[in-house]
file final_38.txt (compact mmCIF, C-alpha atoms)
# COMPACT_ATOMS: atom_id res chain seq x y z
CA MET A 870 1.93 15.03 -8.93
CA ILE A 871 2.13 11.37 -7.99
CA ASP A 872 -0.78 9.43 -6.50
CA VAL A 873 0.60 6.37 -4.70
CA GLN A 874 -2.70 4.64 -3.95
CA THR A 875 -5.11 3.80 -6.76
CA HIS A 876 -6.73 0.46 -7.45
CA TYR A 877 -7.23 -1.37 -10.73
CA VAL A 878 -8.55 -4.88 -11.36
CA PRO A 879 -7.63 -6.04 -14.88
CA THR A 880 -10.30 -7.87 -16.85
CA LYS A 881 -8.86 -11.38 -16.53
CA ALA A 882 -8.42 -11.02 -12.77
CA ALA A 883 -11.97 -9.63 -12.43
CA ARG A 884 -13.35 -12.64 -14.30
CA LEU A 885 -11.48 -15.02 -11.99
CA LEU A 886 -13.06 -13.23 -9.02
CA HIS A 887 -16.57 -13.67 -10.42
CA ASP A 888 -18.98 -15.52 -8.12
CA ILE A 889 -16.41 -16.40 -5.45
CA GLU A 890 -16.13 -15.18 -1.90
CA VAL A 891 -12.99 -13.69 -0.39
CA ASP A 892 -12.93 -13.57 3.41
CA GLY A 893 -16.65 -14.31 3.26
CA ILE A 894 -17.42 -11.35 0.97
CA SER A 895 -18.48 -11.52 -2.68
CA ARG A 896 -15.91 -9.72 -4.82
CA THR A 897 -17.76 -9.83 -8.16
CA LEU A 898 -16.93 -6.72 -10.19
CA GLU A 899 -18.59 -5.15 -13.22
CA LEU A 900 -16.08 -5.25 -16.05
CA ASP A 901 -17.08 -1.78 -17.28
CA SER A 902 -16.76 -0.18 -13.83
CA PRO A 903 -14.03 2.41 -13.14
CA MET A 904 -12.23 -0.21 -11.04
CA CYS A 905 -11.73 -2.35 -14.15
CA THR A 906 -11.08 0.27 -16.85
CA LEU A 907 -8.46 2.89 -17.63
CA ASP A 908 -10.24 5.66 -19.58
CA ALA A 909 -12.14 7.17 -16.63
CA ARG A 910 -8.99 6.87 -14.53
CA LEU A 911 -6.92 8.86 -17.02
CA ARG A 912 -9.62 11.53 -17.26
CA ALA A 913 -9.75 11.81 -13.47
CA MET A 914 -5.97 12.14 -13.33
CA ASP A 915 -5.99 14.86 -15.98
CA ASP A 916 -8.79 16.76 -14.23
CA ALA A 917 -6.87 16.67 -10.94
CA GLY A 918 -3.47 17.44 -12.45
CA VAL A 919 -1.97 14.08 -11.43
CA ASN A 920 0.91 13.02 -13.65
CA VAL A 921 1.51 9.48 -12.38
CA SER A 922 -0.65 6.94 -10.58
CA VAL A 923 0.58 3.80 -8.84
CA LEU A 924 -1.78 1.00 -9.84
CA SER A 925 -2.42 -1.77 -7.35
CA MET A 926 -4.91 -4.61 -7.21
CA ALA A 927 -8.02 -4.02 -5.12
CA PRO A 928 -7.08 -5.15 -1.56
CA ILE A 929 -9.43 -8.12 -1.55
CA GLY A 930 -7.89 -10.27 1.18
CA VAL A 931 -7.42 -14.05 1.15
CA VAL A 932 -8.83 -16.31 -1.57
CA ALA A 933 -9.33 -19.74 0.00
CA ASP A 934 -8.55 -21.85 -3.09
CA GLU A 935 -4.76 -21.93 -3.53
CA GLN A 936 -4.71 -22.37 -7.30
CA ARG A 937 -7.37 -19.70 -7.85
CA ARG A 938 -5.38 -17.39 -5.58
CA ARG A 939 -2.22 -17.85 -7.66
CA ASP A 940 -4.15 -17.45 -10.90
CA ILE A 941 -5.78 -14.21 -9.75
CA CYS A 942 -2.47 -12.65 -8.73
CA ARG A 943 -0.76 -13.71 -11.93
CA ALA A 944 -3.62 -12.30 -14.02
CA ALA A 945 -3.64 -9.12 -11.95
CA ASN A 946 0.09 -8.54 -12.29
CA ASP A 947 0.07 -9.26 -16.02
CA GLY A 948 -2.84 -6.86 -16.48
CA LEU A 949 -1.20 -4.16 -14.37
CA LEU A 950 1.95 -4.48 -16.45
CA GLU A 951 -0.09 -4.22 -19.66
CA ALA A 952 -1.71 -1.02 -18.40
CA CYS A 953 1.71 0.43 -17.59
CA ALA A 954 3.04 -0.56 -21.01
CA ALA A 955 0.09 1.14 -22.70
CA HIS A 956 0.65 4.35 -20.72
CA PRO A 957 4.31 4.26 -19.64
CA ASN A 958 4.46 7.89 -18.56
CA ARG A 959 1.26 7.73 -16.49
CA PHE A 960 1.28 4.43 -14.63
CA VAL A 961 3.61 2.31 -12.52
CA MET A 962 2.46 -0.68 -10.47
CA ALA A 963 2.56 -2.49 -7.14
CA ALA A 964 2.65 -6.27 -7.27
CA ALA A 965 -0.17 -8.47 -5.99
CA LEU A 966 0.99 -11.58 -4.13
CA PRO A 967 -0.89 -14.86 -3.48
CA LEU A 968 -0.80 -14.65 0.30
CA PRO A 969 -0.72 -16.34 2.77
CA ASP A 970 1.63 -18.79 0.97
CA PRO A 971 5.20 -17.44 1.34
CA SER A 972 6.69 -19.70 -1.35
CA ALA A 973 3.99 -18.84 -3.90
CA ALA A 974 4.32 -15.15 -3.01
CA HIS A 975 8.10 -15.29 -3.50
CA ALA A 976 7.73 -17.10 -6.82
CA GLU A 977 5.22 -14.57 -8.17
CA LEU A 978 7.36 -11.61 -7.14
CA ALA A 979 10.46 -13.23 -8.64
CA ARG A 980 8.55 -13.83 -11.90
CA ILE A 981 7.94 -10.12 -12.47
CA SER A 982 10.85 -8.61 -10.55
CA GLY A 983 12.67 -7.55 -13.70
CA GLU A 984 9.78 -5.48 -15.03
CA ALA A 985 10.63 -1.76 -15.19
CA ALA A 986 7.08 -0.69 -14.32
CA LEU A 987 7.12 -2.67 -11.06
CA ARG A 988 7.81 -0.16 -8.27
CA ALA A 989 6.28 -1.60 -5.08
CA VAL A 990 4.72 -4.69 -3.50
CA GLN A 991 1.23 -4.49 -2.05
CA ILE A 992 0.59 -6.43 1.15
CA VAL A 993 -2.98 -6.59 2.42
CA ALA A 994 -3.01 -6.07 6.18
CA GLN A 995 -4.56 -9.16 7.76
CA THR A 996 -4.66 -9.99 11.44
CA THR A 997 -6.10 -13.51 11.35
CA GLY A 998 -5.62 -14.87 7.80
CA TYR A 999 -1.85 -14.44 8.14
CA ARG A 1000 0.63 -12.17 9.88
CA PRO A 1001 3.21 -10.49 7.62
CA ASP A 1002 5.69 -10.14 10.50
CA HIS A 1003 6.23 -13.91 10.60
CA GLY A 1004 7.33 -16.28 7.84
CA PHE A 1005 7.71 -13.82 4.98
CA ASP A 1006 11.31 -12.64 5.39
CA GLU A 1007 12.40 -14.16 2.06
CA VAL A 1008 9.64 -12.26 0.26
CA PHE A 1009 10.58 -9.02 1.97
CA SER A 1010 14.28 -9.60 1.31
CA LEU A 1011 13.56 -10.03 -2.40
CA ALA A 1012 11.52 -6.83 -2.39
CA ALA A 1013 14.28 -4.94 -0.61
CA ASN A 1014 16.96 -6.26 -2.96
CA GLN A 1015 14.86 -5.01 -5.87
CA ARG A 1016 14.40 -1.60 -4.18
CA LEU A 1017 10.64 -2.21 -3.89
CA PRO A 1018 8.87 -0.67 -0.89
CA ILE A 1019 6.00 -2.54 0.75
CA LEU A 1020 2.65 -0.82 0.24
CA LEU A 1021 0.56 -1.92 3.23
CA HIS A 1022 -3.20 -1.56 2.78
CA PRO A 1023 -6.15 -2.65 4.96
CA ALA A 1024 -8.25 -5.55 3.70
CA ALA A 1025 -11.35 -4.06 2.09
CA GLY A 1026 -14.52 -4.70 4.07
CA VAL A 1027 -13.00 -7.30 6.38
CA ALA A 1028 -13.56 -6.96 10.13
CA ASP A 1029 -11.64 -9.94 11.47
CA LEU A 1030 -10.66 -8.62 14.91
CA SER A 1031 -14.10 -8.75 16.47
CA PRO A 1032 -17.78 -8.90 15.44
CA ALA A 1033 -18.21 -5.73 17.51
CA PHE A 1034 -16.97 -3.86 14.40
CA ASP A 1035 -19.74 -5.27 12.19
CA ASP A 1036 -22.29 -2.52 12.83
CA TYR A 1037 -22.73 1.21 12.27
CA GLY A 1038 -20.04 1.53 9.61
CA LEU A 1039 -17.29 0.65 12.10
CA ALA A 1040 -15.76 -2.02 9.85
CA SER A 1041 -14.46 0.70 7.53
CA GLY A 1042 -14.51 3.70 9.85
CA MET A 1043 -12.59 2.11 12.72
CA HIS A 1044 -11.64 -1.53 12.21
CA ALA A 1045 -9.66 -0.92 9.04
CA MET A 1046 -7.57 1.70 10.80
CA VAL A 1047 -7.06 -0.38 13.96
CA SER A 1048 -6.13 -3.60 12.15
CA HIS A 1049 -3.91 -1.70 9.70
CA ALA A 1050 -1.98 -0.11 12.58
CA LEU A 1051 -1.77 -3.45 14.39
CA VAL A 1052 -0.21 -5.19 11.39
CA ALA A 1053 2.22 -2.30 10.85
CA ALA A 1054 3.19 -2.30 14.53
CA ARG A 1055 3.81 -6.05 14.46
CA MET A 1056 6.02 -5.68 11.38
CA ILE A 1057 8.01 -2.92 13.07
CA GLN A 1058 8.21 -4.39 16.58
CA SER A 1059 8.98 -7.94 15.44
CA GLY A 1060 12.42 -6.80 14.27
CA LEU A 1061 11.54 -7.26 10.58
CA LEU A 1062 13.16 -3.96 9.64
CA ASP A 1063 16.35 -5.02 11.42
CA ARG A 1064 16.32 -8.44 9.76
CA VAL A 1065 15.78 -6.84 6.34
CA PRO A 1066 17.71 -3.58 6.71
CA ASP A 1067 16.92 -2.17 3.25
CA LEU A 1068 13.17 -2.70 3.49
CA GLU A 1069 10.86 0.31 3.59
CA LEU A 1070 7.14 0.52 4.28
CA ILE A 1071 4.47 2.78 2.83
CA LEU A 1072 1.44 2.74 5.10
CA THR A 1073 -1.77 3.85 3.43
CA HIS A 1074 -4.43 5.89 5.27
CA LEU A 1075 -1.85 7.64 7.48
CA GLY A 1076 -0.96 4.30 9.02
CA GLY A 1077 -4.33 4.07 10.74
CA ILE A 1078 -3.94 4.97 14.41
CA LEU A 1079 -0.20 4.26 14.52
CA PRO A 1080 1.06 7.88 14.63
CA PHE A 1081 -1.33 8.63 17.49
CA LEU A 1082 -0.06 5.68 19.52
CA ILE A 1083 3.66 5.83 18.77
CA ASP A 1084 4.72 7.37 22.11
CA ARG A 1085 2.82 4.72 24.04
CA LEU A 1086 4.28 1.97 21.85
CA ASP A 1087 7.75 3.30 22.64
CA SER A 1088 7.05 3.13 26.37
CA ARG A 1089 5.57 -0.38 26.26
CA HIS A 1090 7.30 -2.25 23.47
CA ALA A 1091 9.00 -5.55 24.27
CA GLY A 1092 10.03 -6.69 20.81
CA PRO A 1093 13.52 -7.78 19.67
CA THR A 1094 14.24 -4.49 17.88
CA ARG A 1095 17.44 -2.48 18.09
CA HIS A 1096 15.54 0.78 18.46
CA PRO A 1097 12.17 1.94 19.80
CA PRO A 1098 9.24 1.80 17.34
CA SER A 1099 9.32 5.56 16.73
CA HIS A 1100 12.81 5.26 15.24
CA TYR A 1101 11.52 3.01 12.46
CA LEU A 1102 8.39 5.08 11.93
CA ARG A 1103 10.55 8.16 11.33
CA THR A 1104 13.30 6.51 9.26
CA ARG A 1105 11.81 3.50 7.42
CA VAL A 1106 8.13 4.36 6.94
CA HIS A 1107 6.16 6.71 4.70
CA LEU A 1108 2.45 7.47 5.06
CA ASP A 1109 -0.13 8.34 2.44
CA ASN A 1110 -2.96 10.72 3.34
CA CYS A 1111 -5.94 8.80 1.97
CA GLY A 1112 -9.22 9.35 3.77
CA TYR A 1113 -8.14 12.27 5.95
CA PRO A 1114 -9.02 15.91 5.27
CA ALA A 1115 -6.92 18.82 6.44
CA GLY A 1116 -7.31 18.58 10.20
CA PRO A 1117 -5.86 17.15 13.42
CA ALA A 1118 -5.06 13.66 12.09
CA LEU A 1119 -3.09 14.97 9.13
CA ARG A 1120 -1.30 17.49 11.34
CA LEU A 1121 -0.43 14.76 13.85
CA ALA A 1122 1.05 12.62 11.07
CA ILE A 1123 3.14 15.54 9.81
CA ASP A 1124 4.32 16.35 13.32
CA THR A 1125 5.16 12.69 14.00
CA VAL A 1126 7.03 11.63 10.85
CA GLY A 1127 7.73 14.93 9.07
CA VAL A 1128 6.59 16.38 5.77
CA GLU A 1129 9.31 14.42 3.96
CA ARG A 1130 7.51 11.15 4.79
CA LEU A 1131 4.01 12.08 3.64
CA LEU A 1132 2.63 11.03 0.24
CA ILE A 1133 -0.57 11.61 -1.74
CA GLY A 1134 -2.92 8.62 -1.83
CA SER A 1135 -6.41 9.00 -3.29
CA ASP A 1136 -7.83 5.42 -3.22
CA TRP A 1137 -9.32 6.09 -6.66
CA PRO A 1138 -11.92 5.02 -7.79
CA SER A 1139 -13.33 4.54 -4.30
CA ARG A 1140 -12.64 8.20 -3.47
CA PRO A 1141 -12.15 11.30 -5.64
CA ILE A 1142 -8.54 12.29 -6.28
CA ALA A 1143 -9.32 15.90 -5.35
CA ALA A 1144 -10.03 14.96 -1.72
CA ALA A 1145 -6.41 13.89 -1.12
CA LEU A 1146 -5.02 16.96 -2.90
CA ASN A 1147 -7.32 19.41 -1.13
CA ALA A 1148 -6.35 17.99 2.24
CA VAL A 1149 -2.73 18.97 1.62
CA ARG A 1150 -3.65 22.33 0.12
CA GLY A 1151 -5.74 23.14 3.18
CA ALA A 1152 -3.14 22.14 5.75
CA GLY A 1153 -1.37 25.49 5.93
CA LEU A 1154 1.89 24.19 4.49
CA SER A 1155 4.49 26.09 2.54
CA GLU A 1156 4.77 25.71 -1.23
CA ARG A 1157 7.90 23.61 -0.75
CA GLU A 1158 6.15 21.32 1.74
CA GLU A 1159 3.14 20.87 -0.54
CA SER A 1160 5.44 20.00 -3.43
CA ALA A 1161 7.24 17.44 -1.28
CA ILE A 1162 4.02 15.64 -0.36
CA MET A 1163 2.42 15.85 -3.78
CA ARG A 1164 5.43 14.86 -5.88
CA ASP A 1165 8.99 14.96 -4.58
CA ASN A 1166 8.78 12.35 -1.82
CA ALA A 1167 7.09 9.78 -4.05
CA SER A 1168 9.33 10.41 -7.06
CA ARG A 1169 12.06 8.48 -5.26
CA TRP A 1170 10.25 5.27 -6.21
CA PHE A 1171 7.48 6.13 -8.62
CA ASP A 1172 8.91 8.41 -11.31
CA PRO A 1173 8.59 6.31 -14.49
CA ALA A 1174 11.56 8.12 -16.03
CA VAL A 1175 13.93 6.95 -13.27
CA PRO A 1176 15.00 3.27 -13.40
CA ARG A 1177 14.73 1.37 -10.14
CA ALA A 1178 18.49 0.74 -10.14
CA GLN A 1179 19.02 4.47 -9.63
CA TYR A 1180 16.84 4.71 -6.54
CA SER A 1181 18.48 5.65 -3.31
CA ARG A 1182 18.50 3.10 -0.54
CA VAL A 1183 16.90 3.57 2.85
CA GLY A 1184 16.71 7.19 3.89
call {"tool": "encode", "arguments": {"input": "final_38.txt", "output": "structure tokens"}}
result
Amino acid sequence: MIDVQTHYVPTKAARLLHDIEVDGISRTLELDSPMCTLDARLRAMDDAGVNVSVLSMAPIGVVADEQRRRDICRAANDGLLEACAAHPNRFVMAAALPLPDPSAAHAELARISGEAALRAVQIVAQTTGYRPDHGFDEVFSLAANQRLPILLHPAAGVADLSPAFDDYGLASGMHAMVSHALVAARMIQSGLLDRVPDLELILTHLGGILPFLIDRLDSRHAGPTRHPPSHYLRTRVHLDNCGYPAGPALRLAIDTVGVERLLIGSDWPSRPIAAALNAVRGAGLSEREESAIMRDNASRWFDPAVPRAQYSRVG
């Protein structure tokens, strides 16, 4: 099994985050916490039967200081690569980029682009700090040329659309899913996937509310795309199932994009790995469909035994 969404903050990156605020939130981490260590992660993988985890930096959002931002991403990527080198059959990684600076992001991705363990690029979905649909084509072109999908993840704890999301747990329960879908929709409807024809997106958390809204987006879209939004959702996008049990939302995602575009994403250590696996096991799928979601679909990018050069292109 392959878990495409797990978060790891290497020690040097965690130290650089100490006592600073990101998007107005303190991101200080305990260095012995599961977020910053590997032993508990490997035990959790073994207990759940997960063979490979995709490691990505915690989705912290925008660091105001430009140099600190570059230093954190460099330290994070170096630490992620070290973890993959220590456990080459268990871990691959998604790059962290010093957004919102496109030139710095391109330089950091180019620096590590030759690393075999690099298998994706994480973009934190922001609606006010920056907009990934504008000004980042060179970054996305580099990713596509390297056969690296974009792993789009909501910004942790940030409710930047409206203060109305600040109460009652709505920042995580609703805002994260709304803003995530908004950023994904802008990327799709801006024509980005036409401008960069080999680029593919992996949307965490079932793409937020995007599958639910896709028919309405088709009927209302006015972007410069060659096809309606649903075309890209069904041909250029994969979804992970993090945060959703077996139920209507998961079924809607399957009905909208197909089993072949669903992936396992646990969000470990924030959530138990078993929750993502049990959701698939409880969805009434065939053995073949379960295998596709739990392993086969993700192996296209994230099988450590398969070099990136052998990956198929868009499909």
call {"tool": "atom_distance", "arguments": {"input": "final_38.txt", "atom1": "atom CA of A:Ala1045", "atom2": "atom CA of A:Asp1136"}}
result
13.9 Å
call {"tool": "residues_around", "arguments": {"input": "final_38.txt", "residues": "A:Ile1078", "least_positions_apart": "2", "cutoff": "12 Å", "atoms": "all atoms listed in the file", "output": "PyMOL selection string"}}
result
chain A and resi 1042-1054+1072-1076+1080-1086+1108+1113+1118-1119+1121-1122+1125
call {"tool": "residues_around", "arguments": {"input": "final_38.txt", "residues": "A:Ala955", "least_positions_apart": "5", "cutoff": "12 Å", "atoms": "all atoms listed in the file", "output": "PyMOL selection string"}}
result
chain A and resi 907-908+911+948-950+960-961+986
call {"tool": "residues_around", "arguments": {"input": "final_38.txt", "residues": "stretch 922-929 of chain A", "least_positions_apart": "2", "cutoff": "6 Å", "atoms": "only C-alpha atoms", "output": "PyMOL selection string"}}
result
chain A and resi 871-878+960-963+993+1024-1025
call {"tool": "atom_distance", "arguments": {"input": "final_38.txt", "atom1": "atom CA of A:Arg959", "atom2": "atom CA of A:Leu978"}}
result
22.3 Å
call {"tool": "closest_residue", "arguments": {"input": "final_38.txt", "among": "A:Pro1093, A:Pro1141, A:Pro1023, A:Pro969", "to": "A:Gly998", "atoms": "only C-alpha atoms"}}
result
A:Pro969
call {"tool": "residues_around", "arguments": {"input": "final_38.txt", "residues": "A:Pro1173", "least_positions_apart": "2", "cutoff": "12 Å", "atoms": "only C-alpha atoms", "output": "VMD selection string"}}
result
chain A and resid 871 920 to 923 953 to 954 956 to 962 984 to 988 1167 to 1171 1175 to 1177 1179 to 1180
call {"tool": "residues_around", "arguments": {"input": "final_38.txt", "residues": "A:Asp1165", "least_positions_apart": "6", "cutoff": "9 Å", "atoms": "only C-alpha atoms", "output": "count of residues only"}}
result
4
call {"tool": "closest_residue", "arguments": {"input": "final_38.txt", "among": "A:Asp915, A:Glu899, A:Glu935, A:Glu1069", "to": "A:Val990", "atoms": "only C-alpha atoms"}}
result
A:Glu1069
call {"tool": "closest_residue", "arguments": {"input": "final_38.txt", "among": "A:Ser982, A:Ser1135, A:Thr880, A:Asn946", "to": "A:Ala1012", "atoms": "all atoms listed in the file"}}
result
A:Ser982
call {"tool": "build_atoms", "arguments": {"input": "final_38.txt", "residues": "stretch 1109-1141 of chain A", "atoms": "N, CA and C atoms", "output": "JSON list (two decimals), keeping the file's coordinate frame"}}
result
[["chain", "number", "residue", "atom", "x", "y", "z"],
["A", 1109, "ASP", "N", 0.68, 7.56, 3.37],
["A", 1109, "ASP", "CA", -0.13, 8.34, 2.44],
["A", 1109, "ASP", "C", -1.33, 8.93, 3.20],
["A", 1110, "ASN", "N", -1.95, 9.93, 2.61],
["A", 1110, "ASN", "CA", -2.96, 10.72, 3.34],
["A", 1110, "ASN", "C", -4.39, 10.33, 3.02],
["A", 1111, "CYS", "N", -4.60, 9.17, 2.42],
["A", 1111, "CYS", "CA", -5.94, 8.80, 1.97],
["A", 1111, "CYS", "C", -6.96, 8.79, 3.11],
["A", 1112, "GLY", "N", -8.09, 9.42, 2.85],
["A", 1112, "GLY", "CA", -9.22, 9.35, 3.77],
["A", 1112, "GLY", "C", -9.22, 10.39, 4.87],
["A", 1113, "TYR", "N", -8.23, 11.28, 4.89],
["A", 1113, "TYR", "CA", -8.14, 12.27, 5.95],
["A", 1113, "TYR", "C", -8.11, 13.67, 5.37],
["A", 1114, "PRO", "N", -9.05, 14.51, 5.72],
["A", 1114, "PRO", "CA", -9.02, 15.91, 5.27],
["A", 1114, "PRO", "C", -7.97, 16.69, 6.04],
["A", 1115, "ALA", "N", -7.79, 17.95, 5.65],
["A", 1115, "ALA", "CA", -6.92, 18.82, 6.44],
["A", 1115, "ALA", "C", -7.52, 18.94, 7.83],
["A", 1116, "GLY", "N", -6.76, 18.57, 8.85],
["A", 1116, "GLY", "CA", -7.31, 18.58, 10.20],
["A", 1116, "GLY", "C", -6.32, 17.95, 11.16],
["A", 1117, "PRO", "N", -6.77, 17.62, 12.37],
["A", 1117, "PRO", "CA", -5.86, 17.15, 13.42],
["A", 1117, "PRO", "C", -5.10, 15.87, 13.07],
["A", 1118, "ALA", "N", -5.75, 14.92, 12.39],
["A", 1118, "ALA", "CA", -5.06, 13.66, 12.09],
["A", 1118, "ALA", "C", -3.91, 13.88, 11.12],
["A", 1119, "LEU", "N", -4.15, 14.68, 10.08],
["A", 1119, "LEU", "CA", -3.09, 14.97, 9.13],
["A", 1119, "LEU", "C", -1.96, 15.75, 9.80],
["A", 1120, "ARG", "N", -2.32, 16.71, 10.64],
["A", 1120, "ARG", "CA", -1.30, 17.49, 11.34],
["A", 1120, "ARG", "C", -0.48, 16.61, 12.28],
["A", 1121, "LEU", "N", -1.14, 15.68, 12.97],
["A", 1121, "LEU", "CA", -0.43, 14.76, 13.85],
["A", 1121, "LEU", "C", 0.57, 13.92, 13.06],
["A", 1122, "ALA", "N", 0.14, 13.43, 11.89],
["A", 1122, "ALA", "CA", 1.05, 12.62, 11.07],
["A", 1122, "ALA", "C", 2.27, 13.43, 10.64],
["A", 1123, "ILE", "N", 2.03, 14.67, 10.23],
["A", 1123, "ILE", "CA", 3.14, 15.54, 9.81],
["A", 1123, "ILE", "C", 4.07, 15.80, 10.99],
["A", 1124, "ASP", "N", 3.50, 16.09, 12.14],
["A", 1124, "ASP", "CA", 4.32, 16.35, 13.32],
["A", 1124, "ASP", "C", 5.10, 15.12, 13.77],
["A", 1125, "THR", "N", 4.53, 13.93, 13.52],
["A", 1125, "THR", "CA", 5.16, 12.69, 14.00],
["A", 1125, "THR", "C", 6.28, 12.22, 13.08],
["A", 1126, "VAL", "N", 6.03, 12.20, 11.77],
["A", 1126, "VAL", "CA", 7.03, 11.63, 10.85],
["A", 1126, "VAL", "C", 7.71, 12.68, 9.98],
["A", 1127, "GLY", "N", 7.15, 13.88, 9.89],
["A", 1127, "GLY", "CA", 7.73, 14.93, 9.07],
["A", 1127, "GLY", "C", 7.13, 14.98, 7.68],
["A", 1128, "VAL", "N", 7.13, 16.17, 7.12],
["A", 1128, "VAL", "CA", 6.59, 16.38, 5.77],
["A", 1128, "VAL", "C", 7.27, 15.48, 4.75],
["A", 1129, "GLU", "N", 8.56, 15.20, 4.95],
["A", 1129, "GLU", "CA", 9.31, 14.42, 3.96],
["A", 1129, "GLU", "C", 8.88, 12.96, 3.91],
["A", 1130, "ARG", "N", 7.98, 12.54, 4.80],
["A", 1130, "ARG", "CA", 7.51, 11.15, 4.79],
["A", 1130, "ARG", "C", 6.02, 11.04, 4.51],
["A", 1131, "LEU", "N", 5.42, 12.10, 4.02],
["A", 1131, "LEU", "CA", 4.01, 12.08, 3.64],
["A", 1131, "LEU", "C", 3.89, 11.99, 2.12],
["A", 1132, "LEU", "N", 2.88, 11.25, 1.66],
["A", 1132, "LEU", "CA", 2.63, 11.03, 0.24],
["A", 1132, "LEU", "C", 1.15, 11.25, -0.05],
["A", 1133, "ILE", "N", 0.82, 11.51, -1.31],
["A", 1133, "ILE", "CA", -0.57, 11.61, -1.74],
["A", 1133, "ILE", "C", -1.10, 10.22, -2.05],
["A", 1134, "GLY", "N", -2.24, 9.86, -1.50],
["A", 1134, "GLY", "CA", -2.92, 8.62, -1.83],
["A", 1134, "GLY", "C", -4.40, 8.87, -1.93],
["A", 1135, "SER", "N", -5.00, 8.63, -3.09],
["A", 1135, "SER", "CA", -6.41, 9.00, -3.29],
["A", 1135, "SER", "C", -7.38, 7.85, -3.02],
["A", 1136, "ASP", "N", -6.93, 6.58, -3.28],
["A", 1136, "ASP", "CA", -7.83, 5.42, -3.22],
["A", 1136, "ASP", "C", -8.79, 5.39, -4.41],
["A", 1137, "TRP", "N", -8.45, 6.08, -5.48],
["A", 1137, "TRP", "CA", -9.32, 6.09, -6.66],
["A", 1137, "TRP", "C", -9.47, 4.68, -7.20],
["A", 1138, "PRO", "N", -10.69, 4.25, -7.61],
["A", 1138, "PRO", "CA", -11.92, 5.02, -7.79],
["A", 1138, "PRO", "C", -12.86, 5.05, -6.60],
["A", 1139, "SER", "N", -12.44, 4.54, -5.46],
["A", 1139, "SER", "CA", -13.33, 4.54, -4.30],
["A", 1139, "SER", "C", -13.55, 5.94, -3.74],
["A", 1140, "ARG", "N", -12.56, 6.81, -3.94],
["A", 1140, "ARG", "CA", -12.64, 8.20, -3.47],
["A", 1140, "ARG", "C", -12.17, 9.12, -4.59],
["A", 1141, "PRO", "N", -12.63, 10.36, -4.62],
["A", 1141, "PRO", "CA", -12.15, 11.30, -5.64],
["A", 1141, "PRO", "C", -10.70, 11.71, -5.37]]
